[in-house]
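One file, upload.cif, carrying mmCIF, C-alpha atoms:
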data_entry
loop_
_atom_site.group_PDB
_atom_site.id
_atom_site.type_symbol
_atom_site.label_atom_id
_atom_site.label_comp_id
_atom_site.auth_asym_id
_atom_site.auth_seq_id
_atom_site.Cartn_x
_atom_site.Cartn_y
_atom_site.Cartn_z
ATOM 1 C CA MET A 22 -5.011 32.421 9.674
ATOM 2 C CA THR A 23 -7.196 34.002 6.985
ATOM 3 C CA ARG A 24 -8.214 33.169 3.456
ATOM 4 C CA ALA A 25 -5.678 35.695 2.150
ATOM 5 C CA PHE A 26 -2.816 33.975 4.004
ATOM 6 C CA LEU A 27 -3.676 30.390 2.991
ATOM 7 C CA PRO A 28 -1.932 30.487 -0.449
ATOM 8 C CA THR A 29 1.280 31.683 1.223
ATOM 9 C CA VAL A 30 1.316 28.869 3.796
ATOM 10 C CA ALA A 31 0.556 26.315 1.072
ATOM 11 C CA HIS A 32 3.938 27.136 -0.531
ATOM 12 C CA TRP A 33 5.887 26.533 2.674
ATOM 13 C CA PRO A 34 7.813 23.237 2.998
ATOM 14 C CA ALA A 35 6.102 20.176 4.446
ATOM 15 C CA THR A 36 6.763 19.180 8.049
ATOM 16 C CA GLY A 37 6.517 15.998 10.065
ATOM 17 C CA LYS A 38 6.573 12.490 8.653
ATOM 18 C CA GLN A 39 5.631 13.026 5.008
ATOM 19 C CA GLU A 40 6.373 9.715 3.326
ATOM 20 C CA ARG A 41 6.309 10.160 -0.434
ATOM 21 C CA LEU A 42 6.526 6.773 -2.112
ATOM 22 C CA PRO A 43 6.157 6.153 -5.848
ATOM 23 C CA TRP A 44 3.388 3.960 -7.186
ATOM 24 C CA ILE A 45 2.902 1.962 -10.383
ATOM 25 C CA ARG A 46 -0.120 2.744 -12.516
ATOM 26 C CA ALA A 47 -2.390 -0.014 -13.796
ATOM 27 C CA SER A 48 -1.795 -1.893 -17.024
ATOM 28 C CA HIS A 49 -3.360 -4.890 -18.718
ATOM 29 C CA GLY A 50 -1.889 -8.375 -18.663
ATOM 30 C CA ALA A 51 -2.751 -11.616 -20.403
ATOM 31 C CA LYS A 52 -5.405 -13.766 -18.760
ATOM 32 C CA THR A 53 -3.156 -16.806 -18.990
ATOM 33 C CA GLN A 54 -0.410 -18.154 -16.776
ATOM 34 C CA ILE A 55 3.191 -18.731 -17.829
ATOM 35 C CA ILE A 56 5.419 -21.442 -16.431
ATOM 36 C CA GLN A 57 8.275 -20.305 -14.203
ATOM 37 C CA PRO A 58 11.110 -22.069 -12.346
ATOM 38 C CA GLY A 59 9.778 -23.682 -9.175
ATOM 39 C CA ASP A 60 6.343 -24.501 -10.608
ATOM 40 C CA MET A 61 5.162 -28.073 -10.123
ATOM 41 C CA LEU A 62 3.762 -29.882 -13.171
ATOM 42 C CA THR A 63 1.595 -32.989 -13.244
ATOM 43 C CA LEU A 64 1.858 -34.971 -16.484
ATOM 44 C CA ARG A 65 -0.708 -37.644 -17.302
ATOM 45 C CA ILE A 66 0.082 -39.764 -20.345
ATOM 46 C CA TRP A 67 -2.283 -42.159 -22.148
ATOM 47 C CA ASP A 68 -1.077 -44.877 -24.514
ATOM 48 C CA SER A 69 -3.373 -47.606 -25.864
ATOM 49 C CA SER A 70 -0.708 -49.654 -27.700
ATOM 50 C CA ASP A 71 -0.133 -53.203 -26.445
ATOM 51 C CA ASN A 72 3.663 -52.928 -26.149
ATOM 52 C CA SER A 73 3.906 -49.375 -24.813
ATOM 53 C CA LEU A 74 7.121 -48.081 -23.218
ATOM 54 C CA LEU A 75 5.110 -46.144 -20.637
ATOM 55 C CA THR A 76 2.027 -48.173 -19.735
ATOM 56 C CA SER A 77 1.153 -51.777 -18.928
ATOM 57 C CA ILE A 78 -1.523 -54.042 -20.399
ATOM 58 C CA ASP A 79 -3.814 -53.505 -17.420
ATOM 59 C CA GLN A 80 -3.181 -49.751 -17.081
ATOM 60 C CA LYS A 81 -3.283 -47.573 -20.146
ATOM 61 C CA ASP A 82 -2.234 -44.320 -18.462
ATOM 62 C CA VAL A 83 0.596 -43.168 -16.254
ATOM 63 C CA GLN A 84 0.872 -40.059 -14.115
ATOM 64 C CA LEU A 85 4.075 -38.133 -13.385
ATOM 65 C CA GLN A 86 3.245 -35.995 -10.375
ATOM 66 C CA ASP A 87 5.034 -32.934 -8.929
ATOM 67 C CA VAL A 88 7.595 -32.580 -11.688
ATOM 68 C CA ARG A 89 9.487 -29.432 -10.660
ATOM 69 C CA VAL A 90 10.524 -26.882 -13.256
ATOM 70 C CA ALA A 91 14.279 -26.472 -12.829
ATOM 71 C CA ALA A 92 16.065 -23.132 -12.478
ATOM 72 C CA ASN A 93 16.936 -23.222 -16.187
ATOM 73 C CA GLY A 94 13.256 -23.726 -17.080
ATOM 74 C CA THR A 95 13.422 -27.403 -18.063
ATOM 75 C CA ILE A 96 11.670 -30.564 -16.872
ATOM 76 C CA PHE A 97 12.757 -34.181 -17.294
ATOM 77 C CA MET A 98 10.530 -36.673 -19.138
ATOM 78 C CA PRO A 99 11.351 -40.392 -19.250
ATOM 79 C CA TYR A 100 12.624 -41.558 -22.647
ATOM 80 C CA VAL A 101 12.619 -37.917 -23.843
ATOM 81 C CA GLY A 102 15.079 -36.114 -21.599
ATOM 82 C CA ASN A 103 15.072 -32.445 -20.623
ATOM 83 C CA VAL A 104 12.455 -30.238 -22.288
ATOM 84 C CA ASN A 105 12.384 -26.433 -21.941
ATOM 85 C CA VAL A 106 8.999 -25.050 -20.777
ATOM 86 C CA LEU A 107 10.161 -21.694 -19.397
ATOM 87 C CA GLY A 108 7.809 -18.788 -20.161
ATOM 88 C CA LEU A 109 5.273 -20.987 -21.972
ATOM 89 C CA THR A 110 1.560 -21.038 -21.225
ATOM 90 C CA PRO A 111 0.302 -24.428 -19.958
ATOM 91 C CA ASP A 112 -1.421 -25.089 -23.303
ATOM 92 C CA LEU A 113 1.692 -24.324 -25.343
ATOM 93 C CA ALA A 114 3.881 -26.356 -22.996
ATOM 94 C CA ARG A 115 1.518 -29.317 -23.370
ATOM 95 C CA GLU A 116 1.718 -29.075 -27.167
ATOM 96 C CA ASN A 117 5.529 -28.960 -27.111
ATOM 97 C CA LEU A 118 5.747 -31.902 -24.725
ATOM 98 C CA GLN A 119 3.278 -33.833 -26.870
ATOM 99 C CA VAL A 120 5.489 -33.355 -29.935
ATOM 100 C CA GLU A 121 8.577 -34.517 -28.039
ATOM 101 C CA LEU A 122 6.699 -37.534 -26.686
ATOM 102 C CA GLU A 123 5.279 -38.594 -30.075
ATOM 103 C CA ALA A 124 8.817 -39.040 -31.414
ATOM 104 C CA ILE A 125 9.239 -41.870 -28.880
ATOM 105 C CA VAL A 126 5.671 -43.089 -28.380
ATOM 106 C CA PRO A 127 3.582 -42.117 -31.471
ATOM 107 C CA SER A 128 0.246 -43.169 -29.995
ATOM 108 C CA ALA A 129 0.674 -41.371 -26.655
ATOM 109 C CA GLN A 130 -1.405 -38.374 -25.584
ATOM 110 C CA LEU A 131 -0.555 -36.006 -22.762
ATOM 111 C CA GLN A 132 -2.424 -33.844 -20.265
ATOM 112 C CA LEU A 133 -0.637 -31.155 -18.206
ATOM 113 C CA ASP A 134 -1.608 -29.350 -14.994
ATOM 114 C CA VAL A 135 0.378 -26.585 -13.274
ATOM 115 C CA LYS A 136 0.726 -25.794 -9.572
ATOM 116 C CA GLU A 137 2.200 -22.335 -9.128
ATOM 117 C CA GLY A 138 5.536 -22.033 -7.343
ATOM 118 C CA ARG A 139 7.343 -19.091 -5.720
ATOM 119 C CA ASN A 140 7.854 -17.188 -8.988
ATOM 120 C CA ASN A 141 4.142 -17.391 -9.787
ATOM 121 C CA SER A 142 2.922 -16.446 -6.291
ATOM 122 C CA VAL A 143 2.663 -13.269 -4.205
ATOM 123 C CA ASP A 144 2.640 -12.652 -0.446
ATOM 124 C CA LEU A 145 -0.148 -10.745 1.299
ATOM 125 C CA VAL A 146 1.579 -10.011 4.574
ATOM 126 C CA SER A 147 -0.676 -7.933 6.827
ATOM 127 C CA GLY A 148 -3.794 -5.823 7.277
ATOM 128 C CA VAL A 149 -6.290 -8.319 5.840
ATOM 129 C CA ALA A 150 -8.496 -11.100 7.182
ATOM 130 C CA ARG A 151 -6.408 -13.929 5.689
ATOM 131 C CA PRO A 152 -2.739 -13.069 5.130
ATOM 132 C CA GLY A 153 -0.648 -15.651 3.325
ATOM 133 C CA THR A 154 0.937 -16.688 0.039
ATOM 134 C CA TYR A 155 -1.407 -16.604 -2.952
ATOM 135 C CA PRO A 156 -0.799 -18.156 -6.383
ATOM 136 C CA MET A 157 -1.303 -15.843 -9.340
ATOM 137 C CA PRO A 158 -4.034 -17.347 -11.545
ATOM 138 C CA ASN A 159 -2.867 -15.325 -14.558
ATOM 139 C CA ARG A 160 -0.793 -12.321 -15.625
ATOM 140 C CA ASN A 161 -3.734 -9.973 -15.091
ATOM 141 C CA TYR A 162 -3.710 -10.287 -11.280
ATOM 142 C CA SER A 163 -3.893 -6.893 -9.552
ATOM 143 C CA VAL A 164 -3.404 -5.512 -6.041
ATOM 144 C CA MET A 165 -7.149 -5.193 -5.440
ATOM 145 C CA GLY A 166 -7.686 -8.772 -6.641
ATOM 146 C CA LEU A 167 -5.114 -9.981 -4.119
ATOM 147 C CA ILE A 168 -6.656 -7.970 -1.262
ATOM 148 C CA SER A 169 -10.066 -9.379 -2.149
ATOM 149 C CA ALA A 170 -8.668 -12.925 -2.099
ATOM 150 C CA GLY A 171 -7.301 -12.169 1.363
ATOM 151 C CA GLY A 172 -10.753 -11.386 2.722
ATOM 152 C CA GLY A 173 -10.608 -7.584 2.503
ATOM 153 C CA ILE A 174 -8.943 -4.929 4.626
ATOM 154 C CA SER A 175 -9.221 -5.036 8.409
ATOM 155 C CA ALA A 176 -11.887 -2.607 9.619
ATOM 156 C CA TYR A 177 -9.845 -1.290 12.562
ATOM 157 C CA LEU A 178 -7.145 0.349 10.401
ATOM 158 C CA ASN A 179 -7.208 4.163 10.178
ATOM 159 C CA ASN A 180 -6.704 5.398 6.603
ATOM 160 C CA PRO A 181 -5.081 2.094 5.506
ATOM 161 C CA GLN A 182 -1.969 2.380 3.363
ATOM 162 C CA ILE A 183 -0.757 -0.150 0.793
ATOM 163 C CA ARG A 184 2.927 -0.989 0.503
ATOM 164 C CA LEU A 185 4.167 -3.053 -2.434
ATOM 165 C CA VAL A 186 7.681 -4.493 -2.105
ATOM 166 C CA ARG A 187 9.176 -5.523 -5.450
ATOM 167 C CA GLY A 188 12.809 -6.537 -5.324
ATOM 168 C CA HIS A 189 14.652 -3.734 -3.508
ATOM 169 C CA GLN A 190 12.009 -1.074 -4.291
ATOM 170 C CA ILE A 191 9.054 -0.062 -2.099
ATOM 171 C CA TYR A 192 5.930 1.488 -3.633
ATOM 172 C CA GLY A 193 3.071 3.011 -1.674
ATOM 173 C CA THR A 194 -0.370 4.578 -1.903
ATOM 174 C CA SER A 195 -3.507 4.768 0.223
ATOM 175 C CA VAL A 196 -6.529 2.523 -0.124
ATOM 176 C CA ASP A 197 -8.746 5.597 -0.609
ATOM 177 C CA LYS A 198 -6.702 6.701 -3.619
ATOM 178 C CA LEU A 199 -6.758 3.203 -5.049
ATOM 179 C CA LEU A 200 -10.537 2.962 -4.730
ATOM 180 C CA ASP A 201 -11.053 6.413 -6.241
ATOM 181 C CA ASP A 202 -8.812 5.773 -9.262
ATOM 182 C CA PRO A 203 -8.885 2.335 -10.980
ATOM 183 C CA GLN A 204 -5.800 3.406 -12.934
ATOM 184 C CA LEU A 205 -3.801 2.859 -9.733
ATOM 185 C CA ASP A 206 -4.742 -0.835 -9.441
ATOM 186 C CA THR A 207 -1.321 -2.061 -10.513
ATOM 187 C CA LEU A 208 -0.567 -5.541 -11.807
ATOM 188 C CA LEU A 209 1.404 -7.875 -9.584
ATOM 189 C CA ARG A 210 4.499 -9.860 -10.454
ATOM 190 C CA GLY A 211 5.663 -13.137 -9.026
ATOM 191 C CA ASP A 212 7.417 -12.812 -5.642
ATOM 192 C CA ASP A 213 5.809 -9.405 -4.899
ATOM 193 C CA ARG A 214 4.952 -8.696 -1.259
ATOM 194 C CA VAL A 215 1.956 -6.546 -0.292
ATOM 195 C CA PHE A 216 1.410 -4.982 3.138
ATOM 196 C CA VAL A 217 -1.702 -3.119 4.300
ATOM 197 C CA GLU A 218 -0.983 -0.971 7.342
ATOM 198 C CA GLU A 219 -2.432 1.916 9.292
ATOM 199 C CA ASP A 220 -1.412 5.464 8.416
ATOM 200 C CA GLU A 221 1.567 6.305 10.658
ATOM 201 C CA ARG A 222 0.975 10.079 10.596
ATOM 202 C CA TYR A 223 -0.604 11.753 13.607
ATOM 203 C CA PHE A 224 -1.372 15.081 15.262
ATOM 204 C CA LEU A 225 -1.803 15.996 18.948
ATOM 205 C CA SER A 226 -4.662 17.817 20.668
ATOM 206 C CA PHE A 227 -4.597 19.682 24.002
ATOM 207 C CA GLY A 228 -6.453 22.330 25.917
ATOM 208 C CA ALA A 229 -10.211 22.666 25.812
ATOM 209 C CA THR A 230 -10.755 19.996 23.157
ATOM 210 C CA GLY A 231 -13.066 17.088 23.764
ATOM 211 C CA LYS A 232 -10.095 14.721 23.979
ATOM 212 C CA GLU A 233 -6.446 15.395 24.716
ATOM 213 C CA ASP A 234 -4.638 12.667 22.821
ATOM 214 C CA LEU A 235 -2.530 11.540 19.893
ATOM 215 C CA HIS A 236 -4.768 11.101 16.819
ATOM 216 C CA ILE A 237 -3.930 9.021 13.741
ATOM 217 C CA PHE A 238 -4.767 10.633 10.401
ATOM 218 C CA THR A 239 -8.059 9.217 9.169
ATOM 219 C CA LYS A 240 -7.603 10.370 5.559
ATOM 220 C CA ASP A 241 -4.826 11.464 3.233
ATOM 221 C CA GLU A 242 -5.378 15.210 3.636
ATOM 222 C CA MET A 243 -6.712 16.561 6.893
ATOM 223 C CA SER A 244 -7.907 20.113 7.524
ATOM 224 C CA ALA A 245 -7.976 21.982 10.825
ATOM 225 C CA MET A 246 -11.756 21.480 10.888
ATOM 226 C CA ASP A 247 -11.270 17.726 10.431
ATOM 227 C CA ALA A 248 -8.749 17.731 13.256
ATOM 228 C CA ILE A 249 -10.990 19.540 15.737
ATOM 229 C CA SER A 250 -13.797 17.114 14.881
ATOM 230 C CA ILE A 251 -11.560 14.057 15.424
ATOM 231 C CA SER A 252 -10.325 15.456 18.737
ATOM 232 C CA GLY A 253 -13.898 15.739 20.019
ATOM 233 C CA GLY A 254 -14.677 19.365 19.177
ATOM 234 C CA PHE A 255 -14.639 22.161 21.768
ATOM 235 C CA GLN A 256 -15.594 21.832 25.412
ATOM 236 C CA ASP A 257 -18.592 24.167 25.562
ATOM 237 C CA SER A 258 -17.929 25.349 29.111
ATOM 238 C CA ARG A 259 -14.216 26.075 28.651
ATOM 239 C CA ALA A 260 -13.224 26.597 25.041
ATOM 240 C CA ASP A 261 -12.830 29.905 23.292
ATOM 241 C CA PRO A 262 -13.658 29.337 19.585
ATOM 242 C CA GLN A 263 -11.701 32.478 18.769
ATOM 243 C CA GLY A 264 -8.510 30.829 20.013
ATOM 244 C CA LEU A 265 -7.847 27.645 18.079
ATOM 245 C CA LEU A 266 -4.066 27.351 17.772
ATOM 246 C CA VAL A 267 -1.978 25.068 15.565
ATOM 247 C CA LEU A 268 1.651 24.809 16.680
ATOM 248 C CA ARG A 269 4.155 23.637 14.091
ATOM 249 C CA GLU A 270 7.927 23.388 13.870
ATOM 250 C CA TYR A 271 9.733 23.725 10.540
ATOM 251 C CA PRO A 272 13.245 22.456 9.817
ATOM 252 C CA PRO A 273 16.041 25.055 9.764
ATOM 253 C CA SER A 274 16.319 24.681 5.986
ATOM 254 C CA ALA A 275 12.739 25.953 5.616
ATOM 255 C CA ILE A 276 13.467 29.406 7.041
ATOM 256 C CA ALA A 277 12.886 31.809 4.140
ATOM 257 C CA PRO A 278 10.933 34.988 4.961
ATOM 258 C CA GLY A 279 8.272 35.752 2.408
ATOM 259 C CA GLU A 280 6.166 33.368 0.392
ATOM 260 C CA ARG A 281 8.846 30.658 0.212
ATOM 261 C CA GLY A 282 8.883 29.828 3.905
ATOM 262 C CA PRO A 283 8.316 30.948 7.511
ATOM 263 C CA ARG A 284 10.390 33.582 9.307
ATOM 264 C CA GLN A 285 11.068 31.272 12.263
ATOM 265 C CA GLN A 286 11.231 27.545 12.874
ATOM 266 C CA ARG A 287 8.403 27.532 15.413
ATOM 267 C CA VAL A 288 5.143 28.928 14.088
ATOM 268 C CA VAL A 289 1.760 29.358 15.775
ATOM 269 C CA PHE A 290 -1.266 29.599 13.484
ATOM 270 C CA SER A 291 -4.400 31.091 15.057
ATOM 271 C CA LEU A 292 -7.907 30.396 13.776
ATOM 272 C CA ASP A 293 -11.049 32.296 14.764
ATOM 273 C CA LEU A 294 -14.018 29.956 14.330
ATOM 274 C CA THR A 295 -16.548 32.657 15.208
ATOM 275 C CA SER A 296 -16.161 34.352 11.819
ATOM 276 C CA ALA A 297 -17.070 33.103 8.362
ATOM 277 C CA ASP A 298 -13.538 33.730 7.115
ATOM 278 C CA GLY A 299 -12.111 31.739 10.014
ATOM 279 C CA LEU A 300 -14.479 28.830 9.447
ATOM 280 C CA PHE A 301 -13.721 28.601 5.733
ATOM 281 C CA SER A 302 -9.996 28.993 6.433
ATOM 282 C CA ALA A 303 -10.156 26.122 8.954
ATOM 283 C CA ARG A 304 -11.670 23.906 6.273
ATOM 284 C CA SER A 305 -8.800 24.726 3.875
ATOM 285 C CA PHE A 306 -5.858 24.898 6.278
ATOM 286 C CA GLN A 307 -4.000 21.582 6.088
ATOM 287 C CA ILE A 308 -2.810 19.856 9.249
ATOM 288 C CA ASN A 309 0.703 18.413 8.967
ATOM 289 C CA PRO A 310 1.918 15.278 10.741
ATOM 290 C CA GLY A 311 3.171 16.134 14.214
ATOM 291 C CA ASP A 312 1.139 19.354 14.509
ATOM 292 C CA LEU A 313 -0.108 20.326 17.970
ATOM 293 C CA LEU A 314 -3.731 21.520 18.106
ATOM 294 C CA ILE A 315 -4.698 23.651 21.135
ATOM 295 C CA ALA A 316 -8.196 24.873 21.932
ATOM 296 C CA THR A 317 -7.685 27.802 24.302
ATOM 297 C CA GLU A 318 -9.854 28.654 27.263
ATOM 298 C CA SER A 319 -9.626 32.418 26.815
ATOM 299 C CA PRO A 320 -8.591 34.767 23.979
ATOM 300 C CA ILE A 321 -4.845 34.833 23.523
ATOM 301 C CA ASN A 322 -3.418 37.961 21.988
ATOM 302 C CA ASP A 323 -0.270 38.395 24.009
ATOM 303 C CA ALA A 324 2.953 37.200 22.371
ATOM 304 C CA LEU A 325 4.439 36.255 25.738
ATOM 305 C CA THR A 326 1.492 33.962 26.553
ATOM 306 C CA ILE A 327 1.864 32.228 23.191
ATOM 307 C CA SER A 328 5.574 31.827 23.891
ATOM 308 C CA ASN A 329 4.769 30.195 27.257
ATOM 309 C CA LEU A 330 2.352 27.782 25.556
ATOM 310 C CA ILE A 331 5.076 26.781 23.137
ATOM 311 C CA GLY A 332 7.452 26.082 26.009
ATOM 312 C CA ASN A 333 4.870 23.938 27.807
ATOM 313 C CA PHE A 334 3.697 21.852 24.880
ATOM 314 C CA PHE A 335 6.640 21.339 22.543
ATOM 315 C CA GLY A 336 7.978 18.777 25.006
ATOM 316 C CA VAL A 337 5.117 16.553 23.821
ATOM 317 C CA PHE A 338 6.643 16.570 20.337
ATOM 318 C CA SER A 339 9.919 15.279 21.796
ATOM 319 C CA GLN A 340 8.099 12.456 23.625
ATOM 320 C CA ALA A 341 6.306 11.540 20.406
ATOM 321 C CA GLY A 342 9.650 11.307 18.609
ATOM 322 C CA VAL A 343 9.210 14.172 16.156
ATOM 323 C CA LEU A 344 12.055 16.415 17.460
#

What would you get if you wrote out this structure as structure tokens?
Amino acid sequence: MTRAFLPTVAHWPATGKQERLPWIRASHGAKTQIIQPGDMLTLRIWDSSDNSLLTSIDQKDVQLQDVRVAANGTIFMPYVGNVNVLGLTPDLARENLQVELEAIVPSAQLQLDVKEGRNNSVDLVSGVARPGTYPMPNRNYSVMGLISAGGGISAYLNNPQIRLVRGHQIYGTSVDKLLDDPQLDTLLRGDDRVFVEEDERYFLSFGATGKEDLHIFTKDEMSAMDAISISGGFQDSRADPQGLLVLREYPPSAIAPGERGPRQQRVVFSLDLTSADGLFSARSFQINPGDLLIATESPINDALTISNLIGNFFGVFSQAGVL
């Protein structure tokens, strides 16, 4: 793998688990709440008249607690009947209810409080300190605001990913991208569900690396140099820095000799980290999910030896569920 070959490989199809989910860019919402079906209203009514329909001589106010907004957006008020409050802000709903009430009790005054229901709440399901259901304080409530309310993202997650479930659609992005670009901090809607989970992509390391293991991606794009660092570098007494191999299998549909794709499904990329070109190429060569990284113990130039390595190690891909 050289600098001259990097542009060609970059045009080849992706391999492994490459989940490409859409995401919704940020927008601005009103800093007020609107009443939705399922919200619970508390109505407190004052009336100072001596022969009031609502209050007694000793008590000049009455409280109607936990009045549920019906599916059609109405609430029931004594002596008034059903009043539509759907889609109104609490202040506007109070004014409308006050007008309806004054037709029956001219001296009455009304105060209204709202407790958000299902249609004005969102679920923060996982990956944070305090998962749960959170009411939306206004229509300008964003994903980052919800995560903050949940106590922040768990520190043990590698390259945490955000999943937003809205109806039957799933949207996704990484936390790193969200932090780097405020325009990705999308507004939430009632009944949204947000998950924060670890990146599911991984690569494998074998041979004379510091650690032979399955490694979760720690960032969105990972180079061969990142991968060798995560896998513990080279074992000084065994490794041959001229023989860093990346084994990758492409789907049959990717076979397209030339710049459009590889000549064979199974491809071995070799990196020489003793040369400047090899070092810079390792920093630019992108590791794909499911790749197998091998640090050799001696220079490998023989095609048969490489073929034997493929036979020995591609069984690991099957065990990991990528074949």

Once the PyMOL selection byres ((chain A and resi 290) around 6) has been applied to the shown file, what residues remain in the selection, as a PyMOL selection string? chain A and resi 266-267+289+291

Residues selected by the PyMOL selection byres ((chain A and resi 92) around 12), written as a ChimeraX atom specification: /A:56-60,89-91,93-96,105-107,138-140

Which polymer residues have any atom within 6 Å of an atom of Gly311 in chain A, counting all atoms listed in the file, with same-chain residues fewer than 6 positions away left out, as number ranges by chain? A: 37, 223-224

Export of the given selection (C-alpha atoms) as a compact mmCIF listing (two decimals), in the coordinates of the input:
# COMPACT_ATOMS: atom_id res chain seq x y z
CA GLY A 37 6.52 16.00 10.06
CA TYR A 223 -0.60 11.75 13.61
CA PHE A 224 -1.37 15.08 15.26

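We find CA of Ser250 in chain A and CA of Leu235 in chain A to be spaced 13.5 Å apart.
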
Within 8 Å of Pro262 in chain A, counting all atoms listed in the file, which residues qualify if same-chain residues fewer than 4 places away don't, as a compact mmCIF listing (two decimals) with C-alpha atoms, in the frame of the given file?
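Here's the written file selection_17.txt:
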# COMPACT_ATOMS: atom_id res chain seq x y z
CA PHE A 255 -14.64 22.16 21.77
CA ASP A 293 -11.05 32.30 14.76
CA LEU A 294 -14.02 29.96 14.33
CA THR A 295 -16.55 32.66 15.21
CA ALA A 316 -8.20 24.87 21.93
CA THR A 317 -7.68 27.80 24.30

Quick one: everything within 12 Å of Leu118 in chain A, counting only C-alpha atoms, minus sequence neighbours fewer than 2 positions away in the same chain. Send it as a PDB file with C-alpha atoms, in the frame of the given file.
ATOM      1  CA  LEU A  62       3.762 -29.882 -13.171  1.00  0.00           C
ATOM      2  CA  LEU A  64       1.858 -34.971 -16.484  1.00  0.00           C
ATOM      3  CA  ARG A  65      -0.708 -37.644 -17.302  1.00  0.00           C
ATOM      4  CA  ILE A  66       0.082 -39.764 -20.345  1.00  0.00           C
ATOM      5  CA  THR A  95      13.422 -27.403 -18.063  1.00  0.00           C
ATOM      6  CA  ILE A  96      11.670 -30.564 -16.872  1.00  0.00           C
ATOM      7  CA  PHE A  97      12.757 -34.181 -17.294  1.00  0.00           C
ATOM      8  CA  MET A  98      10.530 -36.673 -19.138  1.00  0.00           C
ATOM      9  CA  PRO A  99      11.351 -40.392 -19.250  1.00  0.00           C
ATOM     10  CA  VAL A 101      12.619 -37.917 -23.843  1.00  0.00           C
ATOM     11  CA  GLY A 102      15.079 -36.114 -21.599  1.00  0.00           C
ATOM     12  CA  ASN A 103      15.072 -32.445 -20.623  1.00  0.00           C
ATOM     13  CA  VAL A 104      12.455 -30.238 -22.288  1.00  0.00           C
ATOM     14  CA  ASN A 105      12.384 -26.433 -21.941  1.00  0.00           C
ATOM     15  CA  VAL A 106       8.999 -25.050 -20.777  1.00  0.00           C
ATOM     16  CA  LEU A 109       5.273 -20.987 -21.972  1.00  0.00           C
ATOM     17  CA  PRO A 111       0.302 -24.428 -19.958  1.00  0.00           C
ATOM     18  CA  ASP A 112      -1.421 -25.089 -23.303  1.00  0.00           C
ATOM     19  CA  LEU A 113       1.692 -24.324 -25.343  1.00  0.00           C
ATOM     20  CA  ALA A 114       3.881 -26.356 -22.996  1.00  0.00           C
ATOM     21  CA  ARG A 115       1.518 -29.317 -23.370  1.00  0.00           C
ATOM     22  CA  GLU A 116       1.718 -29.075 -27.167  1.00  0.00           C
ATOM     23  CA  VAL A 120       5.489 -33.355 -29.935  1.00  0.00           C
ATOM     24  CA  GLU A 121       8.577 -34.517 -28.039  1.00  0.00           C
ATOM     25  CA  LEU A 122       6.699 -37.534 -26.686  1.00  0.00           C
ATOM     26  CA  GLU A 123       5.279 -38.594 -30.075  1.00  0.00           C
ATOM     27  CA  ALA A 124       8.817 -39.040 -31.414  1.00  0.00           C
ATOM     28  CA  ILE A 125       9.239 -41.870 -28.880  1.00  0.00           C
ATOM     29  CA  VAL A 126       5.671 -43.089 -28.380  1.00  0.00           C
ATOM     30  CA  ALA A 129       0.674 -41.371 -26.655  1.00  0.00           C
ATOM     31  CA  GLN A 130      -1.405 -38.374 -25.584  1.00  0.00           C
ATOM     32  CA  LEU A 131      -0.555 -36.006 -22.762  1.00  0.00           C
ATOM     33  CA  GLN A 132      -2.424 -33.844 -20.265  1.00  0.00           C
ATOM     34  CA  LEU A 133      -0.637 -31.155 -18.206  1.00  0.00           C
TER      35      LEU A 133
END

Contact residues around Phe306 in chain A with all atoms listed in the file at 12 Å, ignoring same-chain residues under 5 positions, as a PDB file with C-alpha atoms, keeping the file's coordinate frame:
ATOM      1  CA  MET A  22      -5.011  32.421   9.674  1.00  0.00           C
ATOM      2  CA  THR A  23      -7.196  34.002   6.985  1.00  0.00           C
ATOM      3  CA  ARG A  24      -8.214  33.169   3.456  1.00  0.00           C
ATOM      4  CA  ALA A  25      -5.678  35.695   2.150  1.00  0.00           C
ATOM      5  CA  PHE A  26      -2.816  33.975   4.004  1.00  0.00           C
ATOM      6  CA  LEU A  27      -3.676  30.390   2.991  1.00  0.00           C
ATOM      7  CA  PRO A  28      -1.932  30.487  -0.449  1.00  0.00           C
ATOM      8  CA  THR A  29       1.280  31.683   1.223  1.00  0.00           C
ATOM      9  CA  VAL A  30       1.316  28.869   3.796  1.00  0.00           C
ATOM     10  CA  ALA A  31       0.556  26.315   1.072  1.00  0.00           C
ATOM     11  CA  GLU A 242      -5.378  15.210   3.636  1.00  0.00           C
ATOM     12  CA  MET A 243      -6.712  16.561   6.893  1.00  0.00           C
ATOM     13  CA  SER A 244      -7.907  20.113   7.524  1.00  0.00           C
ATOM     14  CA  ALA A 245      -7.976  21.982  10.825  1.00  0.00           C
ATOM     15  CA  MET A 246     -11.756  21.480  10.888  1.00  0.00           C
ATOM     16  CA  ASP A 247     -11.270  17.726  10.431  1.00  0.00           C
ATOM     17  CA  ALA A 248      -8.749  17.731  13.256  1.00  0.00           C
ATOM     18  CA  LEU A 266      -4.066  27.351  17.772  1.00  0.00           C
ATOM     19  CA  VAL A 267      -1.978  25.068  15.565  1.00  0.00           C
ATOM     20  CA  PHE A 290      -1.266  29.599  13.484  1.00  0.00           C
ATOM     21  CA  SER A 291      -4.400  31.091  15.057  1.00  0.00           C
ATOM     22  CA  LEU A 292      -7.907  30.396  13.776  1.00  0.00           C
ATOM     23  CA  ASP A 298     -13.538  33.730   7.115  1.00  0.00           C
ATOM     24  CA  GLY A 299     -12.111  31.739  10.014  1.00  0.00           C
ATOM     25  CA  LEU A 300     -14.479  28.830   9.447  1.00  0.00           C
ATOM     26  CA  PHE A 301     -13.721  28.601   5.733  1.00  0.00           C
TER      27      PHE A 301
END

Minimum-distance residue to Val217 in chain A, chosen among A:Gln307, A:Thr239, A:Gln190, A:Asn180 (using all atoms listed in the file): A:Asn180

With C-alpha atoms retained, output range 188-192 of chain A as a short mmCIF file (atom, residue, chain, number, x, y, z; two decimals), in the first residue's frame.
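Saved as selection_12.cif:
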data_model
loop_
_atom_site.label_atom_id
_atom_site.label_comp_id
_atom_site.auth_asym_id
_atom_site.auth_seq_id
_atom_site.Cartn_x
_atom_site.Cartn_y
_atom_site.Cartn_z
CA GLY A 188 -42.53 6.78 14.34
CA HIS A 189 -41.32 4.00 12.03
CA GLN A 190 -38.09 5.82 11.03
CA ILE A 191 -34.66 5.46 12.66
CA TYR A 192 -32.10 8.28 12.43
#
